[in-house]
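What follows is the content of data-v2.cif, which has mmCIF, C-alpha atoms:
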data_entry
loop_
_atom_site.label_atom_id
_atom_site.label_comp_id
_atom_site.auth_asym_id
_atom_site.auth_seq_id
_atom_site.Cartn_x
_atom_site.Cartn_y
_atom_site.Cartn_z
CA MET A 1 -17.89 20.14 6.39
CA THR A 2 -14.56 18.38 6.08
CA SER A 3 -11.96 20.53 4.37
CA ILE A 4 -10.69 19.10 1.12
CA GLY A 5 -7.60 21.27 1.09
CA GLY A 6 -5.25 20.72 -1.80
CA THR A 7 -2.50 22.07 -3.96
CA ALA A 8 -2.92 25.06 -6.28
CA PRO A 9 -5.92 26.53 -4.45
CA GLY A 10 -6.08 29.39 -6.94
CA MET A 11 -7.10 27.06 -9.78
CA VAL A 12 -10.04 25.30 -8.08
CA ASP A 13 -11.67 26.04 -4.75
CA TRP A 14 -12.41 22.44 -3.86
CA ASN A 15 -14.32 23.24 -0.68
CA LEU A 16 -16.59 25.56 -2.63
CA ALA A 17 -17.11 22.84 -5.24
CA VAL A 18 -18.32 20.50 -2.48
CA ALA A 19 -20.53 23.16 -0.93
CA THR A 20 -22.07 24.09 -4.28
CA ALA A 21 -22.75 20.50 -5.33
CA THR A 22 -24.22 19.67 -1.93
CA ARG A 23 -26.52 22.68 -2.09
CA LEU A 24 -27.69 22.06 -5.66
CA VAL A 25 -27.99 18.28 -5.76
CA ARG A 26 -31.53 17.05 -6.06
CA PRO A 27 -33.06 15.43 -2.97
CA GLY A 28 -33.29 11.67 -3.09
CA PRO A 29 -36.52 9.68 -3.19
CA GLU A 30 -38.81 9.92 -0.19
CA VAL A 31 -38.16 7.15 2.31
CA SER A 32 -38.90 6.81 5.98
CA ARG A 33 -36.09 6.66 8.51
CA ASP A 34 -36.72 2.96 9.07
CA GLU A 35 -36.77 2.25 5.34
CA ALA A 36 -33.51 4.15 4.86
CA ARG A 37 -31.85 2.08 7.59
CA ALA A 38 -33.15 -1.12 5.98
CA VAL A 39 -31.80 -0.12 2.55
CA VAL A 40 -28.35 0.63 3.97
CA ALA A 41 -28.27 -2.66 5.88
CA GLU A 42 -29.37 -4.65 2.83
CA LEU A 43 -26.78 -3.04 0.58
CA ARG A 44 -24.06 -3.89 3.07
CA ARG A 45 -25.25 -7.51 3.20
CA HIS A 46 -25.37 -7.72 -0.59
CA ALA A 47 -21.89 -6.22 -0.91
CA LYS A 48 -20.54 -8.89 1.42
CA ALA A 49 -22.40 -11.71 -0.34
CA SER A 50 -21.22 -10.45 -3.72
CA GLU A 51 -17.58 -11.15 -2.84
CA GLU A 52 -18.13 -14.91 -2.88
CA HIS A 53 -20.40 -14.83 -5.94
CA VAL A 54 -17.92 -12.80 -7.99
CA ARG A 55 -14.85 -14.76 -6.98
CA GLY A 56 -16.56 -18.06 -7.70
CA PHE A 57 -17.74 -16.99 -11.14
CA THR A 58 -14.58 -15.19 -12.28
CA ARG A 59 -12.14 -17.69 -10.72
CA MET A 60 -9.99 -14.74 -9.78
CA GLY A 61 -7.95 -15.37 -6.67
CA THR A 62 -7.99 -12.19 -4.64
CA GLU A 63 -5.94 -10.76 -1.86
CA ASP A 64 -7.53 -9.61 1.39
CA THR A 65 -10.21 -7.04 0.57
CA HIS A 66 -10.25 -5.59 4.09
CA ASP A 67 -8.07 -2.78 2.75
CA THR A 68 -10.94 -1.66 0.52
CA PRO A 69 -13.90 -0.58 2.66
CA VAL A 70 -17.49 -0.65 1.40
CA LEU A 71 -19.30 2.62 2.12
CA VAL A 72 -23.03 3.19 1.64
CA VAL A 73 -23.32 6.93 1.00
CA ASP A 74 -25.87 9.59 0.12
CA ARG A 75 -25.44 12.04 -2.75
CA PRO A 76 -23.40 14.60 -0.78
CA GLY A 77 -21.18 11.75 0.43
CA TRP A 78 -20.53 10.75 -3.18
CA VAL A 79 -19.62 14.36 -3.98
CA ARG A 80 -17.12 14.60 -1.11
CA ALA A 81 -15.50 11.31 -2.05
CA ASN A 82 -15.11 12.27 -5.70
CA VAL A 83 -13.77 15.75 -5.02
CA ALA A 84 -11.10 14.18 -2.80
CA GLY A 85 -10.23 11.73 -5.57
CA PHE A 86 -10.17 14.39 -8.29
CA ARG A 87 -7.90 16.60 -6.20
CA GLU A 88 -5.47 13.74 -5.72
CA ILE A 89 -5.25 12.53 -9.29
CA LEU A 90 -5.27 16.02 -10.84
CA ARG A 91 -2.67 17.46 -8.49
CA PRO A 92 0.24 17.33 -11.00
CA LEU A 93 -1.84 18.97 -13.74
CA LEU A 94 -3.11 21.72 -11.44
CA GLU A 95 0.39 22.48 -10.23
CA LYS A 96 1.57 22.69 -13.84
CA MET A 97 -1.31 25.00 -14.74
CA GLN A 98 -0.67 27.13 -11.68
CA GLU A 99 2.91 27.65 -12.81
CA ARG A 100 1.72 28.68 -16.28
CA ARG A 101 -1.02 30.93 -15.02
CA GLY A 102 1.06 34.03 -14.58
CA SER A 103 2.71 33.82 -18.00
CA SER A 104 -0.26 32.64 -20.07
CA PRO A 105 -2.21 35.14 -22.20
CA GLY A 106 -5.32 34.44 -20.15
CA GLY A 107 -3.54 34.49 -16.84
CA ALA A 108 -4.81 37.86 -15.73
CA VAL A 109 -8.39 37.01 -16.62
CA LEU A 110 -8.15 33.66 -14.89
CA GLY A 111 -6.75 35.38 -11.84
CA ALA A 112 -9.74 37.70 -11.77
CA VAL A 113 -12.22 34.89 -12.26
CA GLY A 114 -10.40 32.86 -9.66
CA GLY A 115 -10.75 29.44 -8.21
CA LYS A 116 -14.06 30.30 -6.58
CA VAL A 117 -15.89 30.60 -9.90
CA THR A 118 -14.27 27.40 -11.09
CA GLY A 119 -15.28 25.73 -7.84
CA VAL A 120 -18.90 26.83 -8.27
CA GLU A 121 -19.04 25.57 -11.83
CA LEU A 122 -17.38 22.27 -10.99
CA GLY A 123 -19.89 21.93 -8.14
CA MET A 124 -22.74 22.37 -10.63
CA LEU A 125 -21.43 19.47 -12.71
CA LEU A 126 -20.96 17.26 -9.66
CA SER A 127 -24.52 17.99 -8.54
CA PHE A 128 -25.72 16.67 -11.90
CA LEU A 129 -23.64 13.51 -11.70
CA ALA A 130 -24.36 12.85 -8.00
CA SER A 131 -27.96 11.89 -8.71
CA ARG A 132 -27.02 9.40 -11.45
CA VAL A 133 -24.21 7.18 -10.13
CA LEU A 134 -25.40 3.94 -8.54
CA GLY A 135 -22.05 2.71 -7.31
CA GLN A 136 -18.37 3.28 -7.85
CA TYR A 137 -15.08 1.63 -7.01
CA GLU A 138 -12.71 4.50 -6.24
CA THR A 139 -9.28 3.32 -7.27
CA PHE A 140 -7.45 6.48 -6.19
CA ALA A 141 -9.15 7.28 -2.93
CA PRO A 142 -7.38 9.34 -0.29
CA ALA A 143 -8.86 8.91 3.16
CA THR A 144 -10.70 11.84 4.71
CA ARG A 145 -12.17 12.25 8.17
CA ASP A 146 -15.60 11.17 6.93
CA LEU A 147 -14.57 8.71 4.23
CA PRO A 148 -12.07 5.97 5.07
CA ALA A 149 -9.98 4.35 2.37
CA GLY A 150 -7.48 1.54 2.20
CA ALA A 151 -4.46 2.25 4.36
CA ALA A 152 -2.05 0.43 2.06
CA GLY A 153 -3.11 2.00 -1.22
CA GLY A 154 -6.42 0.20 -1.55
CA GLY A 155 -9.46 2.04 -2.79
CA ARG A 156 -13.01 2.07 -1.51
CA LEU A 157 -16.33 0.87 -2.87
CA LEU A 158 -19.18 3.39 -2.79
CA LEU A 159 -22.86 2.45 -3.06
CA VAL A 160 -25.13 5.49 -3.49
CA ALA A 161 -28.27 4.39 -1.67
CA PRO A 162 -30.75 7.09 -2.80
CA ASN A 163 -29.84 6.60 -6.46
CA ILE A 164 -30.27 2.84 -6.23
CA VAL A 165 -33.71 3.28 -4.66
CA HIS A 166 -34.64 5.89 -7.27
CA VAL A 167 -33.73 3.65 -10.21
CA GLU A 168 -35.34 0.50 -8.83
CA ARG A 169 -38.57 2.45 -8.43
CA GLU A 170 -38.28 4.04 -11.87
CA LEU A 171 -37.72 0.64 -13.52
CA ASP A 172 -40.35 -1.03 -11.34
CA VAL A 173 -38.16 -4.05 -10.59
CA PRO A 174 -37.84 -6.12 -7.38
CA PRO A 175 -35.73 -4.03 -4.95
CA HIS A 176 -33.90 -7.01 -3.41
CA ASP A 177 -32.82 -8.29 -6.84
CA PHE A 178 -31.83 -4.90 -8.18
CA ARG A 179 -29.71 -4.03 -5.15
CA LEU A 180 -27.82 -7.31 -5.36
CA TRP A 181 -27.37 -6.89 -9.11
CA VAL A 182 -25.77 -3.46 -8.61
CA CYS A 183 -23.51 -4.83 -5.87
CA LEU A 184 -22.32 -7.61 -8.19
CA HIS A 185 -21.13 -5.02 -10.72
CA GLU A 186 -19.28 -2.91 -8.17
CA GLU A 187 -17.81 -5.92 -6.38
CA THR A 188 -16.39 -7.07 -9.70
CA HIS A 189 -14.44 -3.83 -9.89
CA ARG A 190 -13.14 -4.32 -6.36
CA THR A 191 -12.10 -7.88 -7.27
CA GLN A 192 -10.31 -6.66 -10.39
CA PHE A 193 -8.08 -4.34 -8.38
CA THR A 194 -7.53 -6.57 -5.34
CA ALA A 195 -6.82 -9.70 -7.41
CA VAL A 196 -4.52 -7.93 -9.88
CA PRO A 197 -1.96 -6.08 -7.74
CA TRP A 198 -0.24 -4.30 -10.64
CA LEU A 199 -3.45 -2.90 -12.15
CA ARG A 200 -3.81 0.17 -9.94
CA ASP A 201 -0.22 1.33 -10.43
CA HIS A 202 -0.46 0.70 -14.17
CA LEU A 203 -3.64 2.74 -14.49
CA GLU A 204 -2.25 5.56 -12.36
CA GLY A 205 0.91 5.61 -14.46
CA GLU A 206 -1.10 5.92 -17.66
CA ILE A 207 -3.22 8.74 -16.24
CA GLN A 208 -0.21 10.66 -14.99
CA SER A 209 1.55 10.23 -18.34
CA PHE A 210 -1.57 11.58 -20.01
CA LEU A 211 -1.71 14.58 -17.69
CA ALA A 212 2.02 15.24 -18.08
CA GLU A 213 1.45 15.67 -21.83
CA THR A 214 -1.26 18.27 -21.25
CA ASP A 215 -0.14 21.62 -22.58
CA VAL A 216 -3.28 23.73 -22.71
CA ASP A 217 -3.90 27.27 -21.67
CA PRO A 218 -5.69 27.39 -18.29
CA MET A 219 -8.40 29.53 -19.84
CA THR A 220 -9.23 26.69 -22.24
CA VAL A 221 -9.88 24.31 -19.36
CA LEU A 222 -11.96 26.93 -17.58
CA GLU A 223 -13.99 27.57 -20.73
CA ARG A 224 -14.83 23.85 -21.10
CA ILE A 225 -16.00 23.71 -17.49
CA ARG A 226 -18.06 26.84 -17.99
CA GLU A 227 -19.63 25.43 -21.17
CA ALA A 228 -20.71 22.35 -19.28
CA ALA A 229 -22.02 24.32 -16.31
CA GLN A 230 -23.93 26.73 -18.55
CA THR A 231 -25.49 23.82 -20.41
CA LEU A 232 -26.63 22.40 -17.10
CA ALA A 233 -28.05 25.75 -16.08
CA GLY A 234 -29.95 26.04 -19.36
CA GLY A 235 -27.81 28.91 -20.60
CA ARG A 236 -26.63 27.21 -23.79
CA PRO A 237 -29.65 25.57 -25.46
CA GLU A 238 -27.69 25.14 -28.65
CA ALA A 239 -25.54 22.60 -26.81
CA GLU A 240 -28.53 20.28 -26.83
CA GLU A 241 -27.97 19.71 -30.53
CA ASP A 242 -25.71 16.90 -31.64
CA ASP A 243 -23.07 19.33 -32.86
CA GLY A 244 -23.21 21.56 -29.79
CA GLY A 245 -20.70 21.39 -26.94
CA ARG A 246 -17.33 19.73 -26.98
CA SER A 247 -16.23 16.98 -24.67
CA LEU A 248 -13.79 17.84 -21.92
CA VAL A 249 -11.84 14.87 -23.24
CA GLU A 250 -11.33 16.77 -26.50
CA LEU A 251 -8.69 18.81 -24.72
CA VAL A 252 -6.63 15.80 -25.54
CA GLN A 253 -4.97 16.45 -28.69
CA THR A 254 -1.27 15.77 -28.72
CA PRO A 255 -0.22 12.59 -30.55
CA ALA A 256 1.17 11.15 -27.31
CA GLN A 257 -2.10 11.87 -25.53
CA ARG A 258 -4.13 10.20 -28.25
CA GLU A 259 -1.97 7.11 -27.92
CA ILE A 260 -2.34 7.04 -24.13
CA LEU A 261 -6.06 7.71 -24.38
CA GLY A 262 -6.42 4.74 -26.72
CA ARG A 263 -4.81 2.48 -24.13
CA LEU A 264 -6.92 3.94 -21.32
CA THR A 265 -10.09 3.50 -23.35
CA ALA A 266 -9.23 -0.15 -23.92
CA VAL A 267 -8.56 -0.77 -20.22
CA MET A 268 -11.74 0.98 -19.11
CA SER A 269 -13.77 -0.92 -21.71
CA LEU A 270 -12.31 -4.16 -20.37
CA LEU A 271 -13.06 -3.30 -16.74
CA GLU A 272 -16.61 -2.07 -17.36
CA GLY A 273 -17.46 -4.83 -19.82
CA HIS A 274 -16.10 -7.48 -17.46
CA ALA A 275 -18.26 -6.12 -14.64
CA ASP A 276 -21.37 -6.19 -16.83
CA PHE A 277 -20.54 -9.72 -17.99
CA VAL A 278 -20.08 -10.92 -14.41
CA MET A 279 -23.22 -9.30 -13.01
CA ASP A 280 -25.30 -10.99 -15.71
CA GLY A 281 -23.39 -14.27 -15.48
CA VAL A 282 -23.85 -14.58 -11.73
CA GLY A 283 -27.36 -13.18 -11.96
CA PRO A 284 -29.49 -16.20 -12.91
CA ALA A 285 -28.35 -18.17 -9.85
CA VAL A 286 -28.91 -15.43 -7.27
CA VAL A 287 -31.00 -12.68 -8.93
CA PRO A 288 -34.28 -14.21 -10.18
CA ALA A 289 -35.33 -11.04 -12.01
CA VAL A 290 -31.99 -10.52 -13.77
CA GLY A 291 -33.49 -10.76 -17.27
CA GLU A 292 -36.13 -8.15 -16.58
CA ILE A 293 -33.64 -5.88 -14.82
CA ARG A 294 -31.11 -6.04 -17.65
CA GLU A 295 -33.69 -5.33 -20.35
CA LYS A 296 -35.15 -2.32 -18.53
CA PHE A 297 -31.75 -1.01 -17.48
CA GLN A 298 -30.38 -1.20 -21.03
CA GLN A 299 -33.37 0.75 -22.31
CA ARG A 300 -32.78 3.39 -19.64
CA ARG A 301 -29.08 3.66 -20.53
CA ALA A 302 -29.80 3.96 -24.22
CA LYS A 303 -32.40 6.68 -24.15
CA GLY A 304 -31.13 8.85 -21.29
CA ALA A 305 -33.51 10.96 -19.25
CA SER A 306 -33.72 13.99 -21.54
CA ARG A 307 -32.07 15.98 -24.29
CA LEU A 308 -30.19 17.84 -21.58
CA ASP A 309 -28.84 14.51 -20.34
CA LEU A 310 -27.64 13.71 -23.84
CA ALA A 311 -25.95 17.09 -24.18
CA LEU A 312 -24.12 16.71 -20.89
CA ARG A 313 -23.16 13.15 -21.66
CA LYS A 314 -21.43 14.42 -24.77
CA LEU A 315 -19.78 17.34 -23.04
CA LEU A 316 -18.52 15.24 -20.13
CA GLY A 317 -17.55 12.26 -22.27
CA LEU A 318 -20.21 10.03 -20.70
CA ASP A 319 -21.39 8.84 -24.09
CA ALA A 320 -17.97 7.23 -24.45
CA LYS A 321 -18.47 5.47 -21.12
CA LEU A 322 -21.73 3.96 -22.37
CA ARG A 323 -19.88 2.57 -25.38
CA GLN A 324 -17.27 1.11 -23.03
CA TYR A 325 -19.92 -0.99 -21.28
CA ARG A 326 -21.24 -2.31 -24.58
CA ASP A 327 -17.96 -2.88 -26.41
CA GLY A 328 -16.18 -4.28 -23.37
CA GLU A 329 -18.95 -6.74 -22.57
CA ARG A 330 -18.92 -8.01 -26.15
CA PHE A 331 -15.13 -8.49 -25.94
CA VAL A 332 -15.32 -10.45 -22.68
CA ARG A 333 -18.20 -12.61 -23.88
CA ALA A 334 -16.48 -13.43 -27.16
CA VAL A 335 -13.20 -14.36 -25.47
CA VAL A 336 -14.87 -16.51 -22.81
CA ASP A 337 -16.88 -18.29 -25.51
CA GLN A 338 -13.67 -19.03 -27.41
CA VAL A 339 -11.16 -19.93 -24.67
CA GLY A 340 -13.19 -20.21 -21.45
CA MET A 341 -12.96 -18.21 -18.25
CA ASP A 342 -9.45 -19.39 -17.41
CA GLY A 343 -8.29 -18.46 -20.89
CA PHE A 344 -9.88 -15.04 -20.56
CA ASN A 345 -8.13 -14.52 -17.21
CA ASN A 346 -4.82 -14.41 -19.05
CA VAL A 347 -5.81 -10.79 -19.62
CA TRP A 348 -4.74 -10.05 -16.02
CA THR A 349 -1.21 -11.46 -16.40
CA SER A 350 0.57 -8.16 -17.09
CA PRO A 351 0.08 -4.83 -18.87
CA ASN A 352 1.27 -6.59 -22.05
CA THR A 353 -1.72 -8.93 -22.01
CA LEU A 354 -4.31 -6.17 -21.75
CA PRO A 355 -6.29 -5.75 -24.97
CA THR A 356 -5.58 -2.86 -27.26
CA LYS A 357 -8.36 -0.58 -28.42
CA ALA A 358 -8.37 -2.43 -31.77
CA GLU A 359 -8.57 -5.80 -30.01
CA ILE A 360 -11.58 -4.70 -27.97
CA ALA A 361 -13.37 -4.44 -31.34
CA LYS A 362 -11.80 -7.69 -32.63
CA PRO A 363 -11.55 -10.16 -29.71
CA ALA A 364 -10.19 -12.92 -31.94
CA ASP A 365 -7.07 -10.82 -32.51
CA TRP A 366 -6.43 -10.68 -28.75
CA VAL A 367 -6.93 -14.44 -28.47
CA ALA A 368 -4.51 -15.04 -31.32
CA ARG A 369 -1.87 -12.72 -29.87
CA VAL A 370 -2.01 -13.76 -26.21
CA HIS A 371 -2.76 -17.46 -26.55
CA ARG A 372 -0.38 -18.06 -29.41
CA ARG A 373 2.38 -16.50 -27.33
CA SER A 374 1.46 -18.53 -24.24
CA GLU A 375 1.52 -21.76 -26.25
CA THR A 376 4.98 -21.17 -27.72
#

Represent the structure from my file as structure tokens, please.
Amino acid sequence: MTSIGGTAPGMVDWNLAVATATRLVRPGPEVSRDEARAVVAELRRHAKASEEHVRGFTRMGTEDTHDTPVLVVDRPGWVRANVAGFREILRPLLEKMQERRGSSPGGAVLGAVGGKVTGVELGMLLSFLASRVLGQYETFAPATRDLPAGAAGGGRLLLVAPNIVHVERELDVPPHDFRLWVCLHEETHRTQFTAVPWLRDHLEGEIQSFLAETDVDPMTVLERIREAAQTLAGGRPEAEEDDGGRSLVELVQTPAQREILGRLTAVMSLLEGHADFVMDGVGPAVVPAVGEIREKFQQRRAKGASRLDLALRKLLGLDAKLRQYRDGERFVRAVVDQVGMDGFNNVWTSPNTLPTKAEIAKPADWVARVHRRSET
């Protein structure tokens, strides 16, 4: 296993998190060796074809995407990639918490519990998520021995083959169409970041500003992780109720953090909604079953797999992500209907033209603000 390494090893044992998630993650659907090879090859073909489809539909000029590799991975591969990304983006927060550890009231307890327990519990959460993600554009993706990333700051696009096969079987939809449909969504994310050079740095700056405002006791963070892990293990049945369990995002509670989180929520709603809009907009021309796929997929999103799923969605903040897809897609659709695709693309001009959280809910306000200014 490739070592993840990292700063502040006492806070999280990243290697143990990977090992735990890899051991606990559910096996993927049964496929023969030949079928597995065929799935991987088809996903790679669809990812390549999606570049042209997405660029043509969005009219977004994009820089060379060779700096953002497409990787078809299994569930353990997704875990390794995400642990590497988490370690990178959370480094400043972990270093800050490490400094506080000795002087905090819970420092002695945390020292006894140690990074190994935290690593195990984080691994439990990752094992849950690893069987649910279909694809992911990793914006902040450090290269590892097993997982290449863009050499000049580009990310990487992950397609999780066993999860795609699992969902296409569960929904009983044409595999060829479903695989292309998923690739269209993820390729849209890659296009967003390669066509808008300032977007990655802007997003990273917002995240780091958010983390810099974090002033919580390390034991509080550990307790949230343990709540989530215990829910997953069935140890907290009360967390299945609507009022049980608190989101990890609820650690956020300084005024500055709430302001930053509002901006981040708006950006993520835009990115996710845009990807949903594009995958359905391109769909009719190249994905014959797009209508059936969308209807069945929306039903699956809405109901979740179980009460446990719903509890963990709340605890991990995934319910907010589902709202981002819905609200963001409505924003994009409304703006395109009003000012066309080229008018919508003014959103990518600068951080000042990104929608606010309020404008995501009221697209006409964004149109009035941005287009009135551009016409004066």

Q: Using the chain letters and numbers from the file, give me the residues hit by the PyMOL selection byres ((chain A and resi 40) around 10), as a list in words.
A: Glu35, Ala36, Arg37, Ala38, Val39, Ala41, Glu42, Leu43, Arg44, Arg45, His46, Leu71, Val72, Val73, Leu159, Val160, Ala161 and Pro162 of chain A

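One finds CA of Glu329 in chain A at 19.8 Å from CA of His371 in chain A.
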
**Q.** Shell of 12 Å around Thr22 in chain A, all atoms listed in the file, local chain residues under 5 positions omitted, as a VMD selection string
**A.** chain A and resid 1 15 to 17 27 74 to 80 83 120 122 to 131

(Q) I'd like the interatomic distance between CA of Leu157 in chain A and CA of Phe140 in chain A, to a tenth of an Å. (A) 11.0 Å

Q) What does the PyMOL selection byres ((chain A and resi 167) around 10) select in this file, as a ChimeraX atom specification? A) /A:29,132,134,162-166,168-173,175,178,297,300

Q.
Need to verify the contact set: Arg200 in chain A, 8 Å, only C-alpha atoms, exclusion of same-chain residues closer than 4 positions in sequence. Can you return it as a list in words?
A. Thr139, Phe193 and Glu204 of chain A

Q) Which residues fall under the PyMOL selection byres ((chain A and resi 137) around 9) in this file, as a ChimeraX atom specification? A) /A:135-136,138-139,155-159,186-187,189-190

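Look at everything within 7 Å of (-21.0, -20.0, -12.2) using all atoms listed in the file, and the residues you get are Gly56, Phe57 and Val282 of chain A.
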
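Taking CA of Gln257 in chain A as the reference point, CA of Pro351 in chain A is found at 18.1 Å.
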
Could you pull the residues within 12 Å of Glu259 in chain A, counting all atoms listed in the file, minus those fewer than 2 positions along the same chain, as a PDB file with C-alpha atoms, in the coordinates of the input?
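The result, stored in result.pdb:
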ATOM      1  CA  GLU A 206      -1.100   5.920 -17.660  1.00  0.00           C
ATOM      2  CA  ILE A 207      -3.220   8.740 -16.240  1.00  0.00           C
ATOM      3  CA  SER A 209       1.550  10.230 -18.340  1.00  0.00           C
ATOM      4  CA  PHE A 210      -1.570  11.580 -20.010  1.00  0.00           C
ATOM      5  CA  GLU A 213       1.450  15.670 -21.830  1.00  0.00           C
ATOM      6  CA  VAL A 252      -6.630  15.800 -25.540  1.00  0.00           C
ATOM      7  CA  GLN A 253      -4.970  16.450 -28.690  1.00  0.00           C
ATOM      8  CA  THR A 254      -1.270  15.770 -28.720  1.00  0.00           C
ATOM      9  CA  PRO A 255      -0.220  12.590 -30.550  1.00  0.00           C
ATOM     10  CA  ALA A 256       1.170  11.150 -27.310  1.00  0.00           C
ATOM     11  CA  GLN A 257      -2.100  11.870 -25.530  1.00  0.00           C
ATOM     12  CA  LEU A 261      -6.060   7.710 -24.380  1.00  0.00           C
ATOM     13  CA  GLY A 262      -6.420   4.740 -26.720  1.00  0.00           C
ATOM     14  CA  ARG A 263      -4.810   2.480 -24.130  1.00  0.00           C
ATOM     15  CA  LEU A 264      -6.920   3.940 -21.320  1.00  0.00           C
ATOM     16  CA  THR A 265     -10.090   3.500 -23.350  1.00  0.00           C
ATOM     17  CA  ALA A 266      -9.230  -0.150 -23.920  1.00  0.00           C
ATOM     18  CA  THR A 356      -5.580  -2.860 -27.260  1.00  0.00           C
ATOM     19  CA  LYS A 357      -8.360  -0.580 -28.420  1.00  0.00           C
TER      20      LYS A 357
END

Q.
When you count all atoms listed in the file, which of these residues is closest to Arg179 in chain A: A:Gly283, A:Arg258, A:Gly273, A:Thr349?
A. A:Gly283

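For the choices A:Leu24, A:Thr188, A:Asp13, A:Val133, the atom-to-atom distance to Gly119 in chain A is smallest for A:Asp13 when using only C-alpha atoms.
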
Quick one: everything within 9 Å of Val286 in chain A, counting only C-alpha atoms, minus sequence neighbours fewer than 3 positions away in the same chain. Send it as a JSON list (two decimals) with C-alpha atoms, in the coordinates of the input.
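Below is the file that was written, result05.json:
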[["chain", "number", "residue", "atom", "x", "y", "z"],
["A", 53, "HIS", "CA", -20.40, -14.83, -5.94],
["A", 177, "ASP", "CA", -32.82, -8.29, -6.84],
["A", 180, "LEU", "CA", -27.82, -7.31, -5.36],
["A", 181, "TRP", "CA", -27.37, -6.89, -9.11],
["A", 282, "VAL", "CA", -23.85, -14.58, -11.73],
["A", 283, "GLY", "CA", -27.36, -13.18, -11.96],
["A", 290, "VAL", "CA", -31.99, -10.52, -13.77]]

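Closest approach to Ala289 in chain A from the set A:Leu271, A:Arg91, A:Pro174, A:Arg59 is made by A:Pro174, with distances taken over only C-alpha atoms.
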
Q: Tell me which of A:Val182, A:Ala47, A:Leu211, A:Leu94 sits closest to Arg294 in chain A, counting all atoms listed in the file.
A: A:Val182

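You can rank A:Gln298, A:Thr194, A:Asn352, A:Gln208 by their closest distance to Gly61 in chain A using all atoms listed in the file, and at the top of that list sits A:Thr194.
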
Q: Tell me which protein, DNA and RNA residues are within 10 Å of range 364-366 of chain A, counting all atoms listed in the file, leaving out same-chain ones fewer than 4 positions away, and put them as number ranges by chain.
A: A: 331, 334-335, 338, 344, 347, 353-356, 358-360, 370-372

Output file for the residues above (C-alpha atoms, as a PDB file, in the coordinates of the input):
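For reference, result_7.pdb as written:
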ATOM      1  CA  PHE A 331     -15.130  -8.490 -25.940  1.00  0.00           C
ATOM      2  CA  ALA A 334     -16.480 -13.430 -27.160  1.00  0.00           C
ATOM      3  CA  VAL A 335     -13.200 -14.360 -25.470  1.00  0.00           C
ATOM      4  CA  GLN A 338     -13.670 -19.030 -27.410  1.00  0.00           C
ATOM      5  CA  PHE A 344      -9.880 -15.040 -20.560  1.00  0.00           C
ATOM      6  CA  VAL A 347      -5.810 -10.790 -19.620  1.00  0.00           C
ATOM      7  CA  THR A 353      -1.720  -8.930 -22.010  1.00  0.00           C
ATOM      8  CA  LEU A 354      -4.310  -6.170 -21.750  1.00  0.00           C
ATOM      9  CA  PRO A 355      -6.290  -5.750 -24.970  1.00  0.00           C
ATOM     10  CA  THR A 356      -5.580  -2.860 -27.260  1.00  0.00           C
ATOM     11  CA  ALA A 358      -8.370  -2.430 -31.770  1.00  0.00           C
ATOM     12  CA  GLU A 359      -8.570  -5.800 -30.010  1.00  0.00           C
ATOM     13  CA  ILE A 360     -11.580  -4.700 -27.970  1.00  0.00           C
ATOM     14  CA  VAL A 370      -2.010 -13.760 -26.210  1.00  0.00           C
ATOM     15  CA  HIS A 371      -2.760 -17.460 -26.550  1.00  0.00           C
ATOM     16  CA  ARG A 372      -0.380 -18.060 -29.410  1.00  0.00           C
TER      17      ARG A 372
END
